[in-house]
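One structure below.
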Amino acid sequence: MKMKKLAALCLSAALLTGHALPALADVNLVPQDLSSAPVVAPESLQRLNWQPLAASQTQTTTLANSGQTLNAPHIAGPVAAYSLPANIGELTLTLSSEVAKGQVFAPNVLVLDENLRPAAWFPSRYFTYQKPGVMTADRLEGVMKLTPALGQQKIYLLVFTTDSDLTKTTTLLDPAKAYAQGTGHAVPDIPDPIASHSRDGTIKLKMQTSSGSSILVGPLFGSSGPGAVTVGNGAPTSAYSAAPSPTPASAPAPKARAEPIMRDTESYFNQKITQAVNSGNIDKALKLLDEAERLGSTTARQTFISSVKGKG
């Protein structure tokens, strides 16, 4: 009975709003919204040295004045550039930036598809303060879940800080308070230290495969039309959508596709929707439903409803 009530609630939300929930409920942002992301010229991105990252690997990068830089508005100091495999399924990325000597690098992440087109945007507020543990230091940290669209070989992550971030600070947990909390003693009433944001620092990026990802990066196989970087519920709405294309420009694609969705594409979405519902991941199923209907599917909604009923 409880499962039926939950399924009915999720189904009602999908039918009434047509929107999926954010990737992480505790962070009030939509990674697909690129409206506030810095605009980087394609030729500048192509000149970067992209560091390859393998599954289950943790890459430690020291950002210093001698590192790579980008001549782009609002981006300050050195940047880190990573190349990720896009043909091994869904990815879970954990990015952390350690506090050192009262300073910390406030990371921002721009996700790009195989053709270096912006697909998702994780600003610095996504990476929240984490108190130190037995094996970890004070740090800013965030987990990003990405699903590369089929047909791609690589996707890219650009990590940087901004002029705005450099004017801010992060409040840390005083070590005496951390010790008191860990041992069950009274927490002392003392001020917490403040870390200023800096242009340099040390960041760690760990990549793992995952079955619970929700941000779709890159154009879907079988799709047509200009520059369609598909992330989650739809195409990005920012200055990037107006950026010059290497191919002749054409009129923006309407929300409803002019041609019917390819049979293989529709079958792919129906299969993924059923799998998501069966695994209890209603949020992911709703996202897939929304994306399938945006591409012209006429069977995705019935697949979702039948799967929910069968689960209940």
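Note on naming: chains are A, B, ... as they come in the structure tokens, residues start from 1 per chain, ligands start from 1 in the order shown.
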
Enumerate as JSON, numbers by chain all residues of stretch 64-225 of chain A assigned to strand (DSSP E) by DSSP on the backbone, naming them with the chain letters and numbers the document uses.
{"A": [75, 76, 77, 78, 79, 80, 81, 82, 83, 84, 85, 91, 92, 93, 94, 95, 96, 97, 98, 103, 104, 108, 109, 110, 111, 112, 118, 119, 120, 121, 122, 128, 129, 130, 139, 140, 141, 142, 143, 144, 145, 146, 147, 148, 154, 155, 156, 157, 158, 159, 160, 161, 162, 169, 170, 171, 194, 195, 196, 197, 201, 202, 203, 204, 205, 206, 207, 208, 209, 215, 216, 217]}

Please identify all polymer residues within 12 Å of A:Asp138, counting only C-alpha atoms, omitting same-chain residues fewer than 3 positions from it, and present them as a PyMOL selection string.
chain A and resi 96-105+128-135+141+170-175+178+193-195+202

Selected residues written out, N, CA, C and O atoms, as a tab-separated table (two decimals), in the first residue's frame:
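Contents of out_13.tsv, as written:
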```tsv
chain	number	residue	atom	x	y	z
A	96	SER	N	36.75	17.18	-4.66
A	96	SER	CA	37.02	17.82	-3.37
A	96	SER	C	38.18	18.78	-3.51
A	96	SER	O	39.10	18.56	-4.31
A	97	SER	N	38.13	19.86	-2.73
A	97	SER	CA	39.18	20.88	-2.71
A	97	SER	C	39.60	21.09	-1.27
A	97	SER	O	38.79	21.51	-0.43
A	98	GLU	N	40.85	20.78	-0.96
A	98	GLU	CA	41.31	20.78	0.42
A	98	GLU	C	41.69	22.17	0.91
A	98	GLU	O	42.22	22.99	0.15
A	99	VAL	N	41.42	22.41	2.20
A	99	VAL	CA	41.82	23.65	2.86
A	99	VAL	C	43.28	23.51	3.29
A	99	VAL	O	43.67	22.48	3.85
A	100	ALA	N	44.09	24.52	3.04
A	100	ALA	CA	45.49	24.50	3.44
A	100	ALA	C	45.94	25.92	3.80
A	100	ALA	O	45.72	26.86	3.03
A	101	LYS	N	46.53	26.05	4.97
A	101	LYS	CA	47.07	27.34	5.43
A	101	LYS	C	46.02	28.45	5.39
A	101	LYS	O	46.30	29.58	4.98
A	102	GLY	N	44.81	28.10	5.80
A	102	GLY	CA	43.76	29.10	5.88
A	102	GLY	C	43.19	29.54	4.54
A	102	GLY	O	42.49	30.55	4.47
A	103	GLN	N	43.45	28.76	3.48
A	103	GLN	CA	42.94	29.10	2.16
A	103	GLN	C	42.35	27.86	1.49
A	103	GLN	O	42.71	26.73	1.82
A	104	VAL	N	41.43	28.10	0.56
A	104	VAL	CA	40.83	26.99	-0.17
A	104	VAL	C	40.44	27.46	-1.56
A	104	VAL	O	40.03	28.61	-1.76
A	105	PHE	N	40.60	26.58	-2.53
A	105	PHE	CA	40.19	26.82	-3.91
A	105	PHE	C	38.72	26.47	-4.03
A	105	PHE	O	38.32	25.34	-3.75
A	128	THR	N	30.09	22.01	-1.07
A	128	THR	CA	29.88	22.50	0.29
A	128	THR	C	30.98	22.05	1.23
A	128	THR	O	31.72	21.08	0.97
A	129	TYR	N	31.09	22.75	2.36
A	129	TYR	CA	32.13	22.45	3.34
A	129	TYR	C	31.88	21.12	4.02
A	129	TYR	O	30.76	20.82	4.47
A	130	GLN	N	32.94	20.32	4.12
A	130	GLN	CA	32.90	19.04	4.81
A	130	GLN	C	33.96	19.06	5.91
A	130	GLN	O	35.13	19.38	5.63
A	131	LYS	N	33.57	18.77	7.14
A	131	LYS	CA	34.53	18.80	8.24
A	131	LYS	C	35.52	17.65	8.12
A	131	LYS	O	35.23	16.64	7.47
A	132	PRO	N	36.69	17.78	8.75
A	132	PRO	CA	37.73	16.75	8.62
A	132	PRO	C	37.32	15.43	9.26
A	132	PRO	O	36.55	15.39	10.22
A	133	GLY	N	37.86	14.35	8.70
A	133	GLY	CA	37.65	13.01	9.25
A	133	GLY	C	38.98	12.38	9.59
A	133	GLY	O	40.02	13.04	9.59
A	134	VAL	N	38.96	11.10	9.85
A	134	VAL	CA	40.19	10.40	10.22
A	134	VAL	C	41.22	10.47	9.10
A	134	VAL	O	42.42	10.66	9.32
A	135	MET	N	40.74	10.32	7.84
A	135	MET	CA	41.65	10.28	6.69
A	135	MET	C	41.45	11.46	5.75
A	135	MET	O	42.05	11.50	4.68
A	141	GLU	N	33.41	19.98	-1.09
A	141	GLU	CA	33.20	18.72	-1.82
A	141	GLU	C	31.81	18.65	-2.42
A	141	GLU	O	30.84	19.18	-1.86
A	170	THR	N	35.04	30.70	3.44
A	170	THR	CA	34.37	29.50	3.94
A	170	THR	C	34.64	29.36	5.43
A	170	THR	O	35.79	29.44	5.86
A	171	THR	N	33.58	29.18	6.20
A	171	THR	CA	33.72	28.98	7.65
A	171	THR	C	34.00	27.51	7.93
A	171	THR	O	33.26	26.63	7.51
A	172	LEU	N	35.10	27.26	8.66
A	172	LEU	CA	35.51	25.90	8.98
A	172	LEU	C	35.01	25.51	10.37
A	172	LEU	O	34.45	26.35	11.09
A	173	LEU	N	35.23	24.28	10.76
A	173	LEU	CA	34.92	23.82	12.11
A	173	LEU	C	36.20	23.81	12.93
A	173	LEU	O	37.19	23.20	12.54
A	174	ASP	N	36.18	24.51	14.06
A	174	ASP	CA	37.36	24.55	14.92
A	174	ASP	C	37.73	23.14	15.37
A	174	ASP	O	36.84	22.35	15.74
A	175	PRO	N	39.02	22.79	15.36
A	175	PRO	CA	39.43	21.43	15.75
A	175	PRO	C	38.96	21.03	17.15
A	175	PRO	O	38.63	19.87	17.40
A	178	ALA	N	35.43	19.96	16.80
A	178	ALA	CA	35.36	18.67	16.14
A	178	ALA	C	35.70	17.55	17.11
A	178	ALA	O	35.04	16.49	17.13
A	193	PRO	N	37.38	29.06	12.65
A	193	PRO	CA	38.31	29.72	11.73
A	193	PRO	C	37.65	29.97	10.37
A	193	PRO	O	36.69	29.30	9.99
A	194	ILE	N	38.20	30.94	9.67
A	194	ILE	CA	37.68	31.33	8.35
A	194	ILE	C	38.77	31.08	7.31
A	194	ILE	O	39.92	31.48	7.49
A	195	ALA	N	38.42	30.41	6.23
A	195	ALA	CA	39.35	30.18	5.12
A	195	ALA	C	38.99	31.12	3.97
A	195	ALA	O	37.84	31.18	3.54
A	202	THR	N	44.66	22.55	-4.03
A	202	THR	CA	44.75	21.14	-4.41
A	202	THR	C	43.36	20.54	-4.49
A	202	THR	O	42.58	20.65	-3.55
```

Find, counting only C-alpha atoms, the residue in A:Pro191, A:Thr161, A:Asn65, A:Lys284 that gets nearest to A:Thr147.
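Nearest to A:Thr147: A:Lys284.
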
12 Å contact set for A:Trp50, only C-alpha atoms, chain neighbours under 4 positions out, as number ranges by chain:
A: 45-46, 68, 79-84, 112, 116, 154-159

Just N, CA and C atoms for this one: save the residues we selected as an mmCIF file, in the first residue's frame.
```cif
data_model
loop_
_atom_site.group_PDB
_atom_site.id
_atom_site.type_symbol
_atom_site.label_atom_id
_atom_site.label_comp_id
_atom_site.auth_asym_id
_atom_site.auth_seq_id
_atom_site.Cartn_x
_atom_site.Cartn_y
_atom_site.Cartn_z
ATOM 1 N N LEU A 45 39.082 26.328 -25.529
ATOM 2 C CA LEU A 45 38.912 24.982 -24.989
ATOM 3 C C LEU A 45 39.770 23.975 -25.744
ATOM 4 N N GLN A 46 39.857 24.124 -27.046
ATOM 5 C CA GLN A 46 40.611 23.183 -27.856
ATOM 6 C C GLN A 46 42.104 23.245 -27.563
ATOM 7 N N GLN A 68 47.699 25.641 -16.300
ATOM 8 C CA GLN A 68 46.933 26.087 -17.456
ATOM 9 C C GLN A 68 46.009 27.238 -17.074
ATOM 10 N N VAL A 79 43.358 26.605 -14.267
ATOM 11 C CA VAL A 79 42.212 25.721 -14.439
ATOM 12 C C VAL A 79 42.702 24.271 -14.509
ATOM 13 N N ALA A 80 41.794 23.342 -14.238
ATOM 14 C CA ALA A 80 42.068 21.917 -14.411
ATOM 15 C C ALA A 80 41.127 21.386 -15.484
ATOM 16 N N ALA A 81 41.656 20.558 -16.380
ATOM 17 C CA ALA A 81 40.867 20.035 -17.495
ATOM 18 C C ALA A 81 40.999 18.517 -17.535
ATOM 19 N N TYR A 82 39.865 17.817 -17.516
ATOM 20 C CA TYR A 82 39.860 16.352 -17.471
ATOM 21 C C TYR A 82 39.087 15.780 -18.652
ATOM 22 N N SER A 83 39.575 14.651 -19.147
ATOM 23 C CA SER A 83 38.904 13.891 -20.199
ATOM 24 C C SER A 83 38.404 12.586 -19.595
ATOM 25 N N LEU A 84 37.101 12.314 -19.729
ATOM 26 C CA LEU A 84 36.486 11.131 -19.112
ATOM 27 C C LEU A 84 35.939 10.196 -20.181
ATOM 28 N N LEU A 112 31.319 19.310 -20.481
ATOM 29 C CA LEU A 112 31.216 19.465 -21.930
ATOM 30 C C LEU A 112 31.065 18.107 -22.595
ATOM 31 N N LEU A 116 33.046 19.282 -27.131
ATOM 32 C CA LEU A 116 33.397 20.439 -26.290
ATOM 33 C C LEU A 116 32.286 21.477 -26.247
ATOM 34 N N LYS A 154 34.148 10.309 -25.387
ATOM 35 C CA LYS A 154 34.675 11.092 -24.275
ATOM 36 C C LYS A 154 33.720 12.219 -23.918
ATOM 37 N N ILE A 155 33.762 12.639 -22.654
ATOM 38 C CA ILE A 155 33.181 13.908 -22.234
ATOM 39 C C ILE A 155 34.253 14.613 -21.417
ATOM 40 N N TYR A 156 34.046 15.904 -21.131
ATOM 41 C CA TYR A 156 35.108 16.701 -20.541
ATOM 42 C C TYR A 156 34.608 17.497 -19.335
ATOM 43 N N LEU A 157 35.530 17.700 -18.379
ATOM 44 C CA LEU A 157 35.252 18.510 -17.189
ATOM 45 C C LEU A 157 36.276 19.631 -17.104
ATOM 46 N N LEU A 158 35.785 20.847 -17.011
ATOM 47 C CA LEU A 158 36.643 22.009 -16.821
ATOM 48 C C LEU A 158 36.407 22.544 -15.415
ATOM 49 N N VAL A 159 37.473 22.614 -14.601
ATOM 50 C CA VAL A 159 37.376 23.049 -13.205
ATOM 51 C C VAL A 159 38.129 24.364 -13.053
#
```

Students should find that atom CA of A:Thr92 and atom CA of A:Pro118 are spaced 18.4 Å

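When the distance limit is 12 Å and only C-alpha atoms are what count, the residues near A:Ser56, minus those fewer than 6 positions from it on the same chain, are Leu84, Pro85, Ile88, Leu91, Thr92, Leu93, Thr94, Leu205, Lys206, Met207, Gln208, Thr209 and Ser210 of chain A.
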
Prev. selection, all heavy atoms, output as a short mmCIF file (atom, residue, chain, number, x, y, z; two decimals), in the first residue's frame:
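Here's the written file again.cif:
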```cif
data_model
loop_
_atom_site.label_atom_id
_atom_site.label_comp_id
_atom_site.auth_asym_id
_atom_site.auth_seq_id
_atom_site.Cartn_x
_atom_site.Cartn_y
_atom_site.Cartn_z
N LEU A 84 37.10 12.31 -19.73
CA LEU A 84 36.49 11.13 -19.11
C LEU A 84 35.94 10.20 -20.18
O LEU A 84 35.40 10.65 -21.20
CB LEU A 84 35.34 11.55 -18.19
CG LEU A 84 35.60 12.69 -17.20
CD1 LEU A 84 34.35 12.98 -16.41
CD2 LEU A 84 36.76 12.35 -16.28
N PRO A 85 36.05 8.89 -19.98
CA PRO A 85 35.46 7.95 -20.94
C PRO A 85 33.94 8.05 -20.91
O PRO A 85 33.33 8.11 -19.85
CB PRO A 85 35.94 6.58 -20.44
CG PRO A 85 36.22 6.78 -18.98
CD PRO A 85 36.70 8.19 -18.85
N ILE A 88 31.45 3.84 -20.90
CA ILE A 88 31.44 2.82 -19.84
C ILE A 88 30.21 2.95 -18.94
O ILE A 88 30.17 2.42 -17.85
CB ILE A 88 32.73 2.88 -18.99
CG1 ILE A 88 32.87 4.26 -18.32
CG2 ILE A 88 33.95 2.56 -19.83
CD1 ILE A 88 34.05 4.33 -17.36
N LEU A 91 28.31 7.73 -14.74
CA LEU A 91 29.49 8.09 -13.96
C LEU A 91 29.10 8.84 -12.70
O LEU A 91 28.21 9.69 -12.71
CB LEU A 91 30.44 8.97 -14.79
CG LEU A 91 30.86 8.44 -16.15
CD1 LEU A 91 31.69 9.49 -16.88
CD2 LEU A 91 31.65 7.15 -16.01
N THR A 92 29.78 8.53 -11.61
CA THR A 92 29.67 9.29 -10.38
C THR A 92 31.02 9.93 -10.10
O THR A 92 32.03 9.23 -9.97
CB THR A 92 29.26 8.41 -9.19
OG1 THR A 92 27.94 7.92 -9.41
CG2 THR A 92 29.27 9.21 -7.89
N LEU A 93 31.05 11.25 -10.04
CA LEU A 93 32.29 12.00 -9.87
C LEU A 93 32.27 12.73 -8.53
O LEU A 93 31.33 13.46 -8.24
CB LEU A 93 32.47 13.02 -11.00
CG LEU A 93 32.38 12.45 -12.42
CD1 LEU A 93 32.32 13.58 -13.44
CD2 LEU A 93 33.55 11.53 -12.71
N THR A 94 33.29 12.52 -7.72
CA THR A 94 33.43 13.23 -6.45
C THR A 94 34.60 14.19 -6.56
O THR A 94 35.75 13.75 -6.77
CB THR A 94 33.67 12.24 -5.29
OG1 THR A 94 32.59 11.31 -5.24
CG2 THR A 94 33.76 12.99 -3.97
N LEU A 205 39.78 14.50 -7.84
CA LEU A 205 38.62 14.06 -8.61
C LEU A 205 38.63 12.55 -8.69
O LEU A 205 39.58 11.94 -9.17
CB LEU A 205 38.65 14.66 -10.02
CG LEU A 205 37.48 14.25 -10.94
CD1 LEU A 205 36.16 14.75 -10.39
CD2 LEU A 205 37.71 14.78 -12.35
N LYS A 206 37.55 11.93 -8.19
CA LYS A 206 37.41 10.48 -8.23
C LYS A 206 36.23 10.10 -9.10
O LYS A 206 35.15 10.67 -8.97
CB LYS A 206 37.21 9.92 -6.82
CG LYS A 206 37.10 8.40 -6.77
CD LYS A 206 36.98 7.89 -5.35
CE LYS A 206 36.93 6.37 -5.30
NZ LYS A 206 36.83 5.85 -3.91
N MET A 207 36.43 9.13 -9.98
CA MET A 207 35.37 8.70 -10.88
C MET A 207 35.03 7.24 -10.63
O MET A 207 35.92 6.39 -10.52
CB MET A 207 35.80 8.88 -12.34
CG MET A 207 34.73 8.42 -13.35
SD MET A 207 35.19 8.75 -15.05
CE MET A 207 36.57 7.63 -15.26
N GLN A 208 33.73 6.96 -10.54
CA GLN A 208 33.23 5.60 -10.40
C GLN A 208 32.04 5.41 -11.32
O GLN A 208 31.33 6.37 -11.64
CB GLN A 208 32.81 5.32 -8.95
CG GLN A 208 33.95 5.37 -7.94
CD GLN A 208 33.44 5.19 -6.52
OE1 GLN A 208 32.59 5.93 -6.05
NE2 GLN A 208 33.98 4.19 -5.83
N THR A 209 31.83 4.19 -11.77
CA THR A 209 30.63 3.91 -12.54
C THR A 209 29.46 3.78 -11.58
O THR A 209 29.62 3.40 -10.43
CB THR A 209 30.79 2.62 -13.35
OG1 THR A 209 31.10 1.55 -12.46
CG2 THR A 209 31.89 2.77 -14.38
N SER A 210 28.26 4.13 -12.07
CA SER A 210 27.09 4.16 -11.19
C SER A 210 25.85 3.86 -12.00
O SER A 210 25.80 4.09 -13.20
CB SER A 210 26.97 5.54 -10.53
OG SER A 210 25.74 5.68 -9.87
#
```

Pick the closest to A:Leu53 from A:Ala86, A:Gly142, A:Pro107, A:Ile75: which is it, counting only C-alpha atoms?
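The closest residue to A:Leu53 is A:Ala86.
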
Could you work out how far atom CA of A:Val30 lies from atom CA of A:Ala300, giving the answer in Å with one decimal?
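Those two atoms sit 23.4 Å apart.
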
Skip A:Val277 itself and residues of its chain fewer than 3 positions away, then list as a list in words all residues within 10 Å of it, counting only C-alpha atoms.
Ala7, Lys272, Ile273, Thr274, Gly280, Asn281, Ile282, Asp283, Lys284, Ala285, Leu286, Phe304, Ile305, Ser306, Ser307, Val308, Lys309, Gly310 and Lys311 of chain A

Residues at most 9 Å from A:Arg125, counting only C-alpha atoms, excluding those fewer than 2 positions away in the same chain, as a list in words?
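Final neighbour list, sorted by chain and number: Val27, Ala106, Pro107, Asn108, Phe122, Pro123, Phe127 and Thr128 of chain A.
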
Output the selection as a PDB file, in the first residue's frame - all heavy atoms for each residue.
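Saved file out.pdb follows:
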```pdb
ATOM      1  N   VAL A  27      20.786  20.508  -2.767  1.00  0.00           N
ATOM      2  CA  VAL A  27      21.390  21.658  -3.422  1.00  0.00           C
ATOM      3  C   VAL A  27      20.358  22.243  -4.382  1.00  0.00           C
ATOM      4  O   VAL A  27      19.947  21.593  -5.322  1.00  0.00           O
ATOM      5  CB  VAL A  27      22.676  21.269  -4.180  1.00  0.00           C
ATOM      6  CG1 VAL A  27      23.268  22.475  -4.871  1.00  0.00           C
ATOM      7  CG2 VAL A  27      23.688  20.668  -3.217  1.00  0.00           C
ATOM      8  N   ALA A 106      37.866  27.440  -4.413  1.00  0.00           N
ATOM      9  CA  ALA A 106      36.423  27.205  -4.555  1.00  0.00           C
ATOM     10  C   ALA A 106      36.137  26.748  -5.982  1.00  0.00           C
ATOM     11  O   ALA A 106      36.139  27.552  -6.912  1.00  0.00           O
ATOM     12  CB  ALA A 106      35.647  28.476  -4.236  1.00  0.00           C
ATOM     13  N   PRO A 107      35.903  25.443  -6.188  1.00  0.00           N
ATOM     14  CA  PRO A 107      35.775  24.930  -7.556  1.00  0.00           C
ATOM     15  C   PRO A 107      34.426  25.230  -8.197  1.00  0.00           C
ATOM     16  O   PRO A 107      33.394  25.277  -7.542  1.00  0.00           O
ATOM     17  CB  PRO A 107      35.964  23.425  -7.376  1.00  0.00           C
ATOM     18  CG  PRO A 107      35.466  23.152  -5.993  1.00  0.00           C
ATOM     19  CD  PRO A 107      35.804  24.375  -5.180  1.00  0.00           C
ATOM     20  N   ASN A 108      34.479  25.419  -9.502  1.00  0.00           N
ATOM     21  CA  ASN A 108      33.312  25.466 -10.373  1.00  0.00           C
ATOM     22  C   ASN A 108      33.570  24.433 -11.456  1.00  0.00           C
ATOM     23  O   ASN A 108      34.712  24.255 -11.888  1.00  0.00           O
ATOM     24  CB  ASN A 108      33.148  26.836 -11.031  1.00  0.00           C
ATOM     25  CG  ASN A 108      32.913  27.957 -10.036  1.00  0.00           C
ATOM     26  OD1 ASN A 108      31.821  28.466  -9.899  1.00  0.00           O
ATOM     27  ND2 ASN A 108      33.963  28.370  -9.334  1.00  0.00           N
ATOM     28  N   PHE A 122      28.052  23.278 -12.719  1.00  0.00           N
ATOM     29  CA  PHE A 122      28.035  23.140 -11.262  1.00  0.00           C
ATOM     30  C   PHE A 122      28.828  24.290 -10.659  1.00  0.00           C
ATOM     31  O   PHE A 122      30.061  24.229 -10.591  1.00  0.00           O
ATOM     32  CB  PHE A 122      28.638  21.793 -10.836  1.00  0.00           C
ATOM     33  CG  PHE A 122      27.875  20.590 -11.312  1.00  0.00           C
ATOM     34  CD1 PHE A 122      28.130  20.024 -12.551  1.00  0.00           C
ATOM     35  CD2 PHE A 122      26.894  20.025 -10.507  1.00  0.00           C
ATOM     36  CE1 PHE A 122      27.434  18.914 -12.993  1.00  0.00           C
ATOM     37  CE2 PHE A 122      26.181  18.908 -10.939  1.00  0.00           C
ATOM     38  CZ  PHE A 122      26.448  18.353 -12.182  1.00  0.00           C
ATOM     39  N   PRO A 123      28.160  25.370 -10.228  1.00  0.00           N
ATOM     40  CA  PRO A 123      28.876  26.518  -9.651  1.00  0.00           C
ATOM     41  C   PRO A 123      29.448  26.188  -8.280  1.00  0.00           C
ATOM     42  O   PRO A 123      29.156  25.135  -7.697  1.00  0.00           O
ATOM     43  CB  PRO A 123      27.781  27.588  -9.561  1.00  0.00           C
ATOM     44  CG  PRO A 123      26.504  26.819  -9.460  1.00  0.00           C
ATOM     45  CD  PRO A 123      26.699  25.574 -10.270  1.00  0.00           C
ATOM     46  N   PHE A 127      29.529  22.934  -4.161  1.00  0.00           N
ATOM     47  CA  PHE A 127      30.570  22.231  -3.418  1.00  0.00           C
ATOM     48  C   PHE A 127      30.619  22.783  -1.995  1.00  0.00           C
ATOM     49  O   PHE A 127      31.115  23.882  -1.752  1.00  0.00           O
ATOM     50  CB  PHE A 127      31.909  22.371  -4.139  1.00  0.00           C
ATOM     51  CG  PHE A 127      31.854  21.841  -5.545  1.00  0.00           C
ATOM     52  CD1 PHE A 127      31.518  22.681  -6.604  1.00  0.00           C
ATOM     53  CD2 PHE A 127      32.067  20.505  -5.803  1.00  0.00           C
ATOM     54  CE1 PHE A 127      31.432  22.199  -7.896  1.00  0.00           C
ATOM     55  CE2 PHE A 127      31.970  20.002  -7.091  1.00  0.00           C
ATOM     56  CZ  PHE A 127      31.661  20.851  -8.140  1.00  0.00           C
ATOM     57  N   THR A 128      30.094  22.013  -1.068  1.00  0.00           N
ATOM     58  CA  THR A 128      29.876  22.497   0.292  1.00  0.00           C
ATOM     59  C   THR A 128      30.982  22.048   1.233  1.00  0.00           C
ATOM     60  O   THR A 128      31.715  21.084   0.966  1.00  0.00           O
ATOM     61  CB  THR A 128      28.519  22.000   0.816  1.00  0.00           C
ATOM     62  OG1 THR A 128      28.485  20.560   0.736  1.00  0.00           O
ATOM     63  CG2 THR A 128      27.380  22.572  -0.021  1.00  0.00           C
TER      64      THR A 128
END
```

Report the distance between atom CA of A:Gly77 and atom CA of A:Val217 in Å, rounded to one decimal place.
26.8 Å
